[in-house]
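Below is one structure, written out as structure tokens; the observations come after it.
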2 protein chains.
Amino acid sequence: MKMSGLFGATLHTAPGSSESAGHQQLLRAGMVRQLAQGIFSYLPLGWRSIRKIEHILREEMAAVAGQELSMPVAQPDELWRTSGRYHKVGAELARFADRRGRGMVLAMTHEEAVTELARSEIDSYRDLPRMVFQLQTKFRDDPRPRAGLIRVREFVMKDAYSLDRDAAGLARQYANQYRAYFRVFGRCGVPVLAVASDVGMMGGELAHEFMYPTPIGEDTLLLCDSCGYRANRQVATFAKPTPPDEAARPMRRFATPQAASVAQLAAAAGVRPDRIAKAVFVQADLGEAEAPVIAVVRGDMDLNESKLAAALGAAGLRPMTADEIAAIGAVAGYGSPVGVTAARVVVDDLVAATPNLLAGANLDGYHLRDVNVGRDFTPELVCDIVAARAGDGCPDCGAALRTTRGVEVGNIFKLGDRYSAVFGATFTDADGARRPVQMGCYGIGVGRLLGCAAQAHHDDRGLTLPITIAPYQVHLCQLGGAGSEAAAAAQALYERLGAAGVEVLHDDRGQRAGSQFADADLIGLPLRATVGARSLARGEIELHDRRTGESWPVPVGAAAETVTAAVSDRLSRANAVPPVSLPPELADRPVTARTGGAAAGSAAAR
Amino acid sequence: MKMSGLFGATLHTAPGSSESAGHQQLLRAGMVRQLAQGIFSYLPLGWRSIRKIEHILREEMAAVAGQELSMPVAQPDELWRTSGRYHKVGAELARFADRRGRGMVLAMTHEEAVTELARSEIDSYRDLPRMVFQLQTKFRDDPRPRAGLIRVREFVMKDAYSLDRDAAGLARQYANQYRAYFRVFGRCGVPVLAVASDVGMMGGELAHEFMYPTPIGEDTLLLCDSCGYRANRQVATFAKPTPPDEAARPMRRFATPQAASVAQLAAAAGVRPDRIAKAVFVQADLGEAEAPVIAVVRGDMDLNESKLAAALGAAGLRPMTADEIAAIGAVAGYGSPVGVTAARVVVDDLVAATPNLLAGANLDGYHLRDVNVGRDFTPELVCDIVAARAGDGCPDCGAALRTTRGVEVGNIFKLGDRYSAVFGATFTDADGARRPVQMGCYGIGVGRLLGCAAQAHHDDRGLTLPITIAPYQVHLCQLGGAGSEAAAAAQALYERLGAAGVEVLHDDRGQRAGSQFADADLIGLPLRATVGARSLARGEIELHDRRTGESWPVPVGAAAETVTAAVSDRLSRANAVPPVSLPPELADRPVTARTGGAAAGSAAAR
């Protein structure tokens, strides 16, 4: 490609509004442009990187027997009503009416559509297993688009779906994708951690997220350096302390004026926060209706909303308003489930096991001493609903957990029969029985992956993307205008490299060396070859490594071979990803069905 | 690919609901499935054909210096308000509100977005010319989805955009695309006619459509076998007869009870229909408002709504209701513009030149004799607004025109500065002046192209797609189950062909020969290779040509080489498309600016 004909300009001043350094360099290099909040156009250079990522995805999906297909993005909303996600998914799902007034959605993921296909195409156990995937534009109306390509509203996604006869088959395909993901991210130069995660709106039995650790990430991960435990904070568990062994004492009310916070209350009552039962009042979104919920956690711990939502099967939670708290007969700042019947009550397992707690009296300025769960109020659910923190004990080995932030670049879900049962996607098994197809789904955001690669590979002067996904492999600078000796030599090298299959971006615009090098640094192709009169006089051209900054001369006669060999060698090394070992929870054994909300996370983290 | 692992089933009974024979075979072959009206999933076989068409498109776009990029499909509606198309395009444009309530559209074409990019990336005449294109999912809410892939609501489109300094540059790129389109359709095995067409909602100066002639098409084309004139009926002109040379006579009213139709009136008044001025009452959609219009054509001719809409700059027309006709002071069945001031009046040029016409008196049961345009009423516009018909004289040579039906598989538009002027996409020219970028746009519906290829290439037994776009190149039938001699020989051939780069679909399911051949015929790969015990005993396998039905033996030892050579030879021949000559209107000369609505069609047809 000749830069004189390239569509897309480099920007020599950093655009102001972008939030992450990697994204600024994508903008400056002329890779992407924003059209609206969270909505981007890819210029030809950026689109080449996307196409290279897509090529890697296609290769790795083919390696696990993935067959590419394509399902529509505009879908009748009946499909989503059938699965229950029409109500379970909130405003992220774009909805519109077609010209006949029928409800449509822009599918943000394709479980419904693929299950419909499974229903029509799979009839016998002989038609299984199958793995299908697509690379497709999706729209997800993110409430907080940010960090350039990392949180967007429209994006291309690789979504794969496995169809199996039984849980063992699903486990094999899930493990295949788990390994394939490490190869994809490895080849794209994005280091990732796989962590146990929430199944969220997908539903199903088990999920892992692939996290690129970076301070700009919005997810918090809990990691154990001792045994390798890794989980998203949404589901991370920890070794909870042993509750005190005390006999229950009679409950009694006492005045606690101006003690509406845990700290005030602990001081006023002379107790440690770990003996206080903290009530959190939320409204749970249960699809078409909301339900008032009182969640109770220990005073020194924080509610984990993901765990609570999972336990309730809720699509989301929001804080109750003061009026809503009053309406259920509780008192903000002095509230507890004691005496309240108009709300669902979910209690953290540690609170339930702790005797003689301090709790609100649901009377302004009063608390209760020696409250005992089960005696003084009856919870609907008792399970783990608190957030793990750095320093908490690892649930597996007890060592102190640490935290890091990360961006989710991929996820995999064991869906089981979550969709196939609802849609009637069944097959005749060898014994003649009709059974639902066991399904899994596997997503990678293509643009987000480029965003993470740019965040992982840039410096002050521009991008330093890996050779596997850089738009071209070699930046050819020609120091001399049309008709010069340098122009002729550069053109000859360009043609020889092209014939050898090397992808070259040739700066033939006749600009000053400094300006050419600045553009080369911005676009950041791994190798730069410079052809100029001075080095040609010595019979040489100059090669330059974008990442190391190293430069070295190469004889003109050997330039094409040297560059071709260097590109080939770098490509081989970048594509050589060491095999990954499966975590214990993916060992080859039968999958146990999901038993409850938060339990899925704990099981996943084993 | 092994058929034992293929996702997607062949159907041995024809599905009932599909409308075209080609589409029925696509369904039966397991290429596509309908998810909703006009919305399809592509199964892996069908998607391979789509990807092959995309590959051909990429090659041919690259050959005319096209650079691939990607622009978003979800766009803020402000963009479409700026271009004016938010109102000009009707219900085909899907609209929705995002989670913040901001208006969004699903872009059905990307003139707005590419003009925004041109504004940010093009600064100087040195940045021109450019040609960019994308392959992208679009949603167009077609009122009448039909014929399977031919009229759908969601589809992948190749849309290219040219950016030029001046009209001569635009003319060159337009001609490049014109030629590239013949290569694309030729390589895909779809014969096309290029016809002059309406610019429609795109706007601009000149347009051509590429039509696949087929009785299932919805467009009517006017063709001159004598001189090569070709146009869509929407814009086709013809040699109009010379009007009689008479002096104007005084207008007079006369009673015509029960003569509300042209035929009744002609009989009652004793005049030929060609002396009757027929009034057609329509409401024109002018964006945010509608306007009442009386169109007047000769009694023996039909109004061409496309020409009328173009003349008015209207997005669409609908018949007036009886109340609306009464409201402007006219009388249905006895109407004319005489005495009517509350409507816009457009008169066909032949009517305007014809003296002493019979027209409605706007009084129930009465007409007027000897009406003369200009004297008895004053038209706002006089231009060609009638439909050409088979037998009419060719506008170029006078020979009789014939008609045929066709499906539009591609279109190209000279937009000029229609968008760049509005969006301020200007560049600094060599003389220092800022000028708007001259633009063109060029679309091909990828799925529709496959639908047309299937319509052009099928028989009663299934598809017969060209080797360039068939999902695989060779269908390998193995007559014998696992462990048989045939299985071993088939596997060996499969591997040798794979190593040679031949794409093979291997039926390894151990079914009876008849069942295997039926599936092979349905999918219709160009070559079938059959490996069975009987022929192996003779040291042979059997080759079979899907289109001709011919079969011939090949020695086992030479099978891989023979098949590879046959595939390679067929591919070369299928990709060899003879060069096309440009029509006179695309000859290398300056483009004249558009002067008026219907005139664009006439100019285009030169």
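We label chains A, B, ... in the order they appear in the structure tokens, count residues from 1 in each chain, and number ligands from 1 in the order shown.
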- Task: Identify, on the basis of only C-alpha atoms, every residue whose closest approach to A:Glu59 does not exceed 12 Å; exclude the query and any residue fewer than 3 positions from it along the same chain; express the result as a ChimeraX atom specification.
- Result: /A:52-56,62-68,133,180-181,183-184,187,575
- Task: Can you pull out every residue within 12 Å of A:Asp245, counting only C-alpha atoms, but drop anything in the same chain fewer than 5 positions away, and send it as a PyMOL selection string?
- Result: chain A and resi 353-356
- Query: With only C-alpha atoms as the atoms that count, which of B:Asp127, B:Asp396, B:Glu60, B:Glu78 lies nearest to chain A?
  - Reply: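 Among B:Asp127, B:Asp396, B:Glu60, B:Glu78, it is B:Asp127 that comes nearest to chain A.
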- Query: If we count only C-alpha atoms, which residues of chain A reach to within 6 Å of chain B? Please list them as a ChimeraX atom specification.
  - Reply: /A:8-9,41-44,47,68-72,91,96,99,121
- Distance query stretch 286-300 of chain B at most 8 Å, only C-alpha atoms, self and fewer than 4 positions along chain excluded, as a ChimeraX atom specification: /B:87-88,262,273-282,308,313-316,320,336-337,342-348,350-351,385-386
- Got a sec: who's within 7 Å of stretch 219-225 of chain B, counting only C-alpha atoms, leaving out chain neighbours fewer than 3 positions off, as a ChimeraX atom specification? /B:228-233,236,394,399-407
Give me the residues within 8 Å of stretch 519-531 of chain A as a short mmCIF file (atom, residue, chain, number, x, y, z; two decimals) with all heavy atoms, in the first residue's frame, counting only C-alpha atoms and dropping any in the same chain fewer than 5 places off.
data_model
loop_
_atom_site.label_atom_id
_atom_site.label_comp_id
_atom_site.auth_asym_id
_atom_site.auth_seq_id
_atom_site.Cartn_x
_atom_site.Cartn_y
_atom_site.Cartn_z
N THR A 10 -3.02 10.59 9.89
CA THR A 10 -2.47 10.54 11.24
C THR A 10 -2.66 11.92 11.89
O THR A 10 -2.73 12.93 11.20
CB THR A 10 -0.97 10.20 11.21
OG1 THR A 10 -0.31 11.08 10.31
CG2 THR A 10 -0.75 8.76 10.76
N GLN A 25 -3.76 6.56 20.97
CA GLN A 25 -2.82 6.20 19.91
C GLN A 25 -3.54 5.58 18.71
O GLN A 25 -3.10 5.75 17.57
CB GLN A 25 -1.73 5.26 20.44
CG GLN A 25 -0.89 5.88 21.59
CD GLN A 25 -0.13 7.15 21.18
OE1 GLN A 25 -0.28 7.66 20.09
NE2 GLN A 25 0.66 7.68 22.11
N ARG A 28 -4.71 8.64 16.90
CA ARG A 28 -3.60 9.38 16.29
C ARG A 28 -3.04 8.63 15.08
O ARG A 28 -2.60 9.25 14.11
CB ARG A 28 -2.49 9.64 17.31
CG ARG A 28 -2.93 10.58 18.44
CD ARG A 28 -1.76 10.86 19.38
NE ARG A 28 -0.68 11.55 18.69
CZ ARG A 28 0.60 11.46 19.03
NH1 ARG A 28 0.98 10.69 20.05
NH2 ARG A 28 1.52 12.11 18.35
N ALA A 29 -3.05 7.30 15.15
CA ALA A 29 -2.50 6.51 14.05
C ALA A 29 -3.44 6.44 12.85
O ALA A 29 -3.10 5.86 11.83
CB ALA A 29 -2.18 5.10 14.54
N GLY A 30 -4.65 7.00 12.99
CA GLY A 30 -5.60 6.93 11.87
C GLY A 30 -6.23 5.56 11.73
O GLY A 30 -6.52 5.12 10.63
N ARG A 461 5.08 7.58 21.56
CA ARG A 461 5.18 7.96 20.15
C ARG A 461 4.14 7.28 19.28
O ARG A 461 4.01 7.62 18.11
CB ARG A 461 6.59 7.66 19.64
CG ARG A 461 7.63 8.62 20.24
CD ARG A 461 9.04 8.19 19.88
NE ARG A 461 9.37 6.93 20.54
CZ ARG A 461 9.76 5.83 19.92
NH1 ARG A 461 9.87 5.81 18.60
NH2 ARG A 461 10.04 4.73 20.59
N GLY A 462 3.41 6.31 19.85
CA GLY A 462 2.39 5.68 19.04
C GLY A 462 2.17 4.23 19.41
O GLY A 462 2.50 3.80 20.52
N LEU A 463 1.61 3.49 18.45
CA LEU A 463 1.27 2.09 18.67
C LEU A 463 2.50 1.20 18.49
O LEU A 463 3.42 1.55 17.75
CB LEU A 463 0.20 1.64 17.68
CG LEU A 463 -1.16 2.32 17.83
CD1 LEU A 463 -2.05 1.97 16.63
CD2 LEU A 463 -1.83 1.86 19.13
N THR A 464 2.48 0.06 19.16
CA THR A 464 3.52 -0.96 18.94
C THR A 464 2.85 -2.34 18.88
O THR A 464 3.25 -3.27 19.55
CB THR A 464 4.56 -0.94 20.09
OG1 THR A 464 3.88 -1.24 21.33
CG2 THR A 464 5.24 0.40 20.22
N LEU A 465 1.80 -2.43 18.06
CA LEU A 465 1.02 -3.68 18.01
C LEU A 465 1.89 -4.86 17.57
O LEU A 465 2.84 -4.70 16.81
CB LEU A 465 -0.13 -3.53 17.02
CG LEU A 465 -1.26 -2.59 17.42
CD1 LEU A 465 -2.29 -2.49 16.29
CD2 LEU A 465 -1.94 -3.05 18.71
N PRO A 466 1.55 -6.06 18.04
CA PRO A 466 2.29 -7.25 17.60
C PRO A 466 2.16 -7.45 16.09
O PRO A 466 1.17 -7.02 15.48
CB PRO A 466 1.59 -8.41 18.33
CG PRO A 466 0.70 -7.79 19.35
CD PRO A 466 0.47 -6.37 18.98
N ILE A 467 3.12 -8.11 15.52
CA ILE A 467 3.15 -8.30 14.07
C ILE A 467 1.94 -9.09 13.57
O ILE A 467 1.53 -8.96 12.43
CB ILE A 467 4.47 -8.98 13.64
CG1 ILE A 467 4.66 -8.88 12.13
CG2 ILE A 467 4.53 -10.44 14.13
CD1 ILE A 467 6.07 -9.20 11.66
N ALA A 470 -0.76 -6.07 13.55
CA ALA A 470 -0.45 -4.74 13.01
C ALA A 470 -1.02 -4.67 11.60
O ALA A 470 -1.09 -5.68 10.90
CB ALA A 470 1.06 -4.54 12.98
N PRO A 471 -1.44 -3.47 11.15
CA PRO A 471 -2.11 -3.38 9.85
C PRO A 471 -1.23 -3.87 8.70
O PRO A 471 -1.71 -4.52 7.78
CB PRO A 471 -2.40 -1.89 9.70
CG PRO A 471 -2.22 -1.27 11.02
CD PRO A 471 -1.40 -2.18 11.87
N TYR A 472 0.03 -3.54 8.74
CA TYR A 472 1.01 -4.07 7.79
C TYR A 472 2.20 -4.54 8.60
O TYR A 472 2.28 -4.30 9.81
CB TYR A 472 1.43 -2.99 6.78
CG TYR A 472 0.31 -2.58 5.84
CD1 TYR A 472 -0.62 -1.61 6.22
CD2 TYR A 472 0.18 -3.16 4.58
CE1 TYR A 472 -1.66 -1.24 5.37
CE2 TYR A 472 -0.86 -2.79 3.72
CZ TYR A 472 -1.77 -1.84 4.12
OH TYR A 472 -2.80 -1.48 3.28
N GLN A 473 3.14 -5.19 7.92
CA GLN A 473 4.28 -5.75 8.65
C GLN A 473 5.50 -4.85 8.61
O GLN A 473 6.30 -4.80 9.54
CB GLN A 473 4.61 -7.14 8.08
CG GLN A 473 3.48 -8.13 8.32
CD GLN A 473 3.49 -9.30 7.36
OE1 GLN A 473 4.13 -9.26 6.31
NE2 GLN A 473 2.76 -10.35 7.71
N VAL A 474 5.63 -4.12 7.51
CA VAL A 474 6.84 -3.31 7.29
C VAL A 474 6.43 -1.91 6.85
O VAL A 474 5.57 -1.75 5.98
CB VAL A 474 7.74 -3.95 6.23
CG1 VAL A 474 8.94 -3.05 5.91
CG2 VAL A 474 8.20 -5.33 6.68
N HIS A 475 7.06 -0.92 7.47
CA HIS A 475 6.87 0.48 7.06
C HIS A 475 8.09 0.87 6.23
O HIS A 475 9.21 0.86 6.75
CB HIS A 475 6.74 1.36 8.30
CG HIS A 475 6.13 2.68 8.03
ND1 HIS A 475 4.89 3.03 8.51
CD2 HIS A 475 6.55 3.74 7.31
CE1 HIS A 475 4.59 4.25 8.10
NE2 HIS A 475 5.58 4.70 7.38
N LEU A 476 7.87 1.17 4.99
CA LEU A 476 8.98 1.49 4.08
C LEU A 476 9.05 3.00 3.89
O LEU A 476 8.15 3.60 3.29
CB LEU A 476 8.76 0.77 2.75
CG LEU A 476 9.73 1.08 1.59
CD1 LEU A 476 11.17 0.77 1.98
CD2 LEU A 476 9.33 0.25 0.36
N CYS A 477 10.12 3.61 4.43
CA CYS A 477 10.30 5.06 4.28
C CYS A 477 11.24 5.33 3.11
O CYS A 477 12.28 4.67 2.98
CB CYS A 477 10.87 5.68 5.55
SG CYS A 477 9.72 5.65 6.92
N GLN A 478 10.87 6.28 2.31
CA GLN A 478 11.65 6.63 1.13
C GLN A 478 12.08 8.08 1.27
O GLN A 478 11.26 8.98 1.20
CB GLN A 478 10.77 6.42 -0.10
CG GLN A 478 11.20 7.10 -1.36
CD GLN A 478 10.07 7.07 -2.38
OE1 GLN A 478 9.35 6.09 -2.52
NE2 GLN A 478 9.89 8.18 -3.09
N LEU A 479 13.39 8.27 1.54
CA LEU A 479 13.90 9.63 1.76
C LEU A 479 14.33 10.21 0.42
O LEU A 479 15.49 10.12 0.02
CB LEU A 479 15.06 9.62 2.75
CG LEU A 479 14.78 8.91 4.08
CD1 LEU A 479 15.96 9.06 5.04
CD2 LEU A 479 13.51 9.44 4.72
N ALA A 486 16.52 7.08 -4.40
CA ALA A 486 15.85 6.43 -3.27
C ALA A 486 14.47 5.93 -3.68
O ALA A 486 14.04 4.84 -3.29
CB ALA A 486 15.73 7.40 -2.10
N ALA A 487 13.76 6.72 -4.48
CA ALA A 487 12.43 6.32 -4.92
C ALA A 487 12.51 5.03 -5.73
O ALA A 487 11.71 4.11 -5.54
CB ALA A 487 11.78 7.43 -5.74
N ALA A 489 14.90 2.73 -5.65
CA ALA A 489 15.30 1.61 -4.79
C ALA A 489 14.15 1.19 -3.89
O ALA A 489 13.93 -0.01 -3.66
CB ALA A 489 16.52 2.00 -3.97
N ALA A 490 13.41 2.17 -3.37
CA ALA A 490 12.29 1.85 -2.49
C ALA A 490 11.22 1.09 -3.27
O ALA A 490 10.65 0.10 -2.79
CB ALA A 490 11.70 3.13 -1.89
N LEU A 536 22.22 4.50 0.69
CA LEU A 536 22.36 3.84 -0.61
C LEU A 536 23.79 4.02 -1.14
O LEU A 536 24.34 3.12 -1.78
CB LEU A 536 21.36 4.41 -1.62
CG LEU A 536 19.92 3.89 -1.52
CD1 LEU A 536 19.05 4.60 -2.58
CD2 LEU A 536 19.86 2.39 -1.71
N ILE A 541 20.54 -0.21 3.13
CA ILE A 541 19.34 0.44 3.64
C ILE A 541 19.36 0.25 5.16
O ILE A 541 20.18 -0.52 5.68
CB ILE A 541 18.04 -0.15 3.06
CG1 ILE A 541 17.82 -1.57 3.59
CG2 ILE A 541 18.05 -0.12 1.54
CD1 ILE A 541 16.38 -1.99 3.54
N GLU A 542 18.44 0.94 5.85
CA GLU A 542 18.44 0.83 7.31
C GLU A 542 17.17 0.15 7.79
O GLU A 542 16.07 0.50 7.35
CB GLU A 542 18.52 2.23 7.93
CG GLU A 542 18.69 2.17 9.44
CD GLU A 542 18.35 3.51 10.10
OE1 GLU A 542 17.14 3.91 10.09
OE2 GLU A 542 19.28 4.14 10.61
N LEU A 543 17.31 -0.83 8.67
CA LEU A 543 16.16 -1.43 9.33
C LEU A 543 16.07 -0.88 10.75
O LEU A 543 17.08 -0.53 11.36
CB LEU A 543 16.27 -2.96 9.38
CG LEU A 543 16.15 -3.69 8.04
CD1 LEU A 543 16.07 -5.19 8.27
CD2 LEU A 543 14.92 -3.21 7.28
N HIS A 544 14.82 -0.86 11.26
CA HIS A 544 14.59 -0.27 12.58
C HIS A 544 13.49 -1.09 13.25
O HIS A 544 12.48 -1.40 12.63
CB HIS A 544 14.17 1.18 12.39
CG HIS A 544 13.75 1.88 13.66
ND1 HIS A 544 14.67 2.45 14.52
CD2 HIS A 544 12.53 2.10 14.20
CE1 HIS A 544 14.02 3.00 15.54
NE2 HIS A 544 12.72 2.80 15.38
N ASP A 545 13.72 -1.43 14.50
CA ASP A 545 12.72 -2.19 15.27
C ASP A 545 11.89 -1.21 16.09
O ASP A 545 12.43 -0.49 16.93
CB ASP A 545 13.43 -3.21 16.16
CG ASP A 545 12.45 -4.05 16.94
OD1 ASP A 545 11.69 -3.48 17.77
OD2 ASP A 545 12.43 -5.28 16.75
N ARG A 546 10.59 -1.19 15.85
CA ARG A 546 9.73 -0.19 16.49
C ARG A 546 9.73 -0.33 18.01
O ARG A 546 9.66 0.66 18.73
CB ARG A 546 8.30 -0.33 15.94
CG ARG A 546 7.24 0.50 16.65
CD ARG A 546 7.47 1.98 16.44
NE ARG A 546 6.46 2.78 17.11
CZ ARG A 546 6.53 3.19 18.37
NH1 ARG A 546 7.57 2.86 19.12
NH2 ARG A 546 5.56 3.94 18.88
N ARG A 547 9.77 -1.58 18.51
CA ARG A 547 9.66 -1.74 19.96
C ARG A 547 10.97 -1.46 20.68
O ARG A 547 10.98 -0.78 21.70
CB ARG A 547 9.20 -3.16 20.29
CG ARG A 547 7.73 -3.37 19.99
CD ARG A 547 7.23 -4.60 20.69
NE ARG A 547 5.83 -4.82 20.33
CZ ARG A 547 5.12 -5.87 20.70
NH1 ARG A 547 5.68 -6.81 21.45
NH2 ARG A 547 3.87 -5.98 20.33
#
List as an mmCIF file with N, CA, C and O atoms, in the first residue's frame the protein and nucleic acid residues near A:Val373, meaning an atom at most 6 Å away when only C-alpha atoms are counted, but skip any in the same chain fewer than 3 places from it.
data_model
loop_
_atom_site.group_PDB
_atom_site.id
_atom_site.type_symbol
_atom_site.label_atom_id
_atom_site.label_comp_id
_atom_site.auth_asym_id
_atom_site.auth_seq_id
_atom_site.Cartn_x
_atom_site.Cartn_y
_atom_site.Cartn_z
ATOM 1 N N ALA A 352 -26.033 -15.262 59.522
ATOM 2 C CA ALA A 352 -26.989 -16.249 60.030
ATOM 3 C C ALA A 352 -26.357 -17.126 61.105
ATOM 4 O O ALA A 352 -27.040 -17.636 62.001
ATOM 5 N N ASP A 376 -35.535 -14.192 65.741
ATOM 6 C CA ASP A 376 -36.165 -12.871 65.751
ATOM 7 C C ASP A 376 -36.678 -12.443 64.374
ATOM 8 O O ASP A 376 -37.479 -11.530 64.267
ATOM 9 N N PHE A 377 -36.171 -13.091 63.339
ATOM 10 C CA PHE A 377 -36.773 -12.947 62.003
ATOM 11 C C PHE A 377 -36.347 -14.155 61.177
ATOM 12 O O PHE A 377 -35.335 -14.793 61.471
#
- Task: Would you please extract all strand (DSSP E or B) residues from stretch 142-250 of chain B, as assigned by DSSP on the backbone, and give them as a ChimeraX atom specification?
- Result: /B:146,151,154-164,193-196,206-213,219-223,230-232,239
- Message: I need the residue nearest B:Gln283 from this list: B:Ala247, B:Gln258, B:Ala322, B:Ala560. Use only C-alpha atoms for the distance.
- Response: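 Looking only at the distances to B:Gln283, the closest residue turns out to be B:Ala322.
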- Using only C-alpha atoms, which of the listed residues (B:Arg179, B:Leu135, B:Cys383, B:His110) sits closest to B:Pro579? B:Arg179
- Query: What lies within 7 Å of A:Thr115 using only C-alpha atoms, ignoring chain neighbours under 3 positions off, as a VMD selection string?
  - Reply: chain A and resid 111 to 112 118 to 119 419 to 420 423 425
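For the atom pair formed by atom CA of A:Val504 and atom CA of A:Ile150, the distance is 28.1 Å, given to one decimal.
In this structure, atom CA of B:Val89 sits 12.5 Å away from atom CA of B:Leu317.
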- What does the distance between atom CA of B:Ile469 and atom CA of A:Ala499 come to in Å, to one decimal place? 26.9 Å
- Task: Would you mind telling me which residue in B:Ala175, B:Leu57, B:Ile325, B:Ala160 lies nearest to B:Pro583 when using only C-alpha atoms?
- Result: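 Using only C-alpha atoms, the shortest distance to B:Pro583 belongs to B:Ala175.
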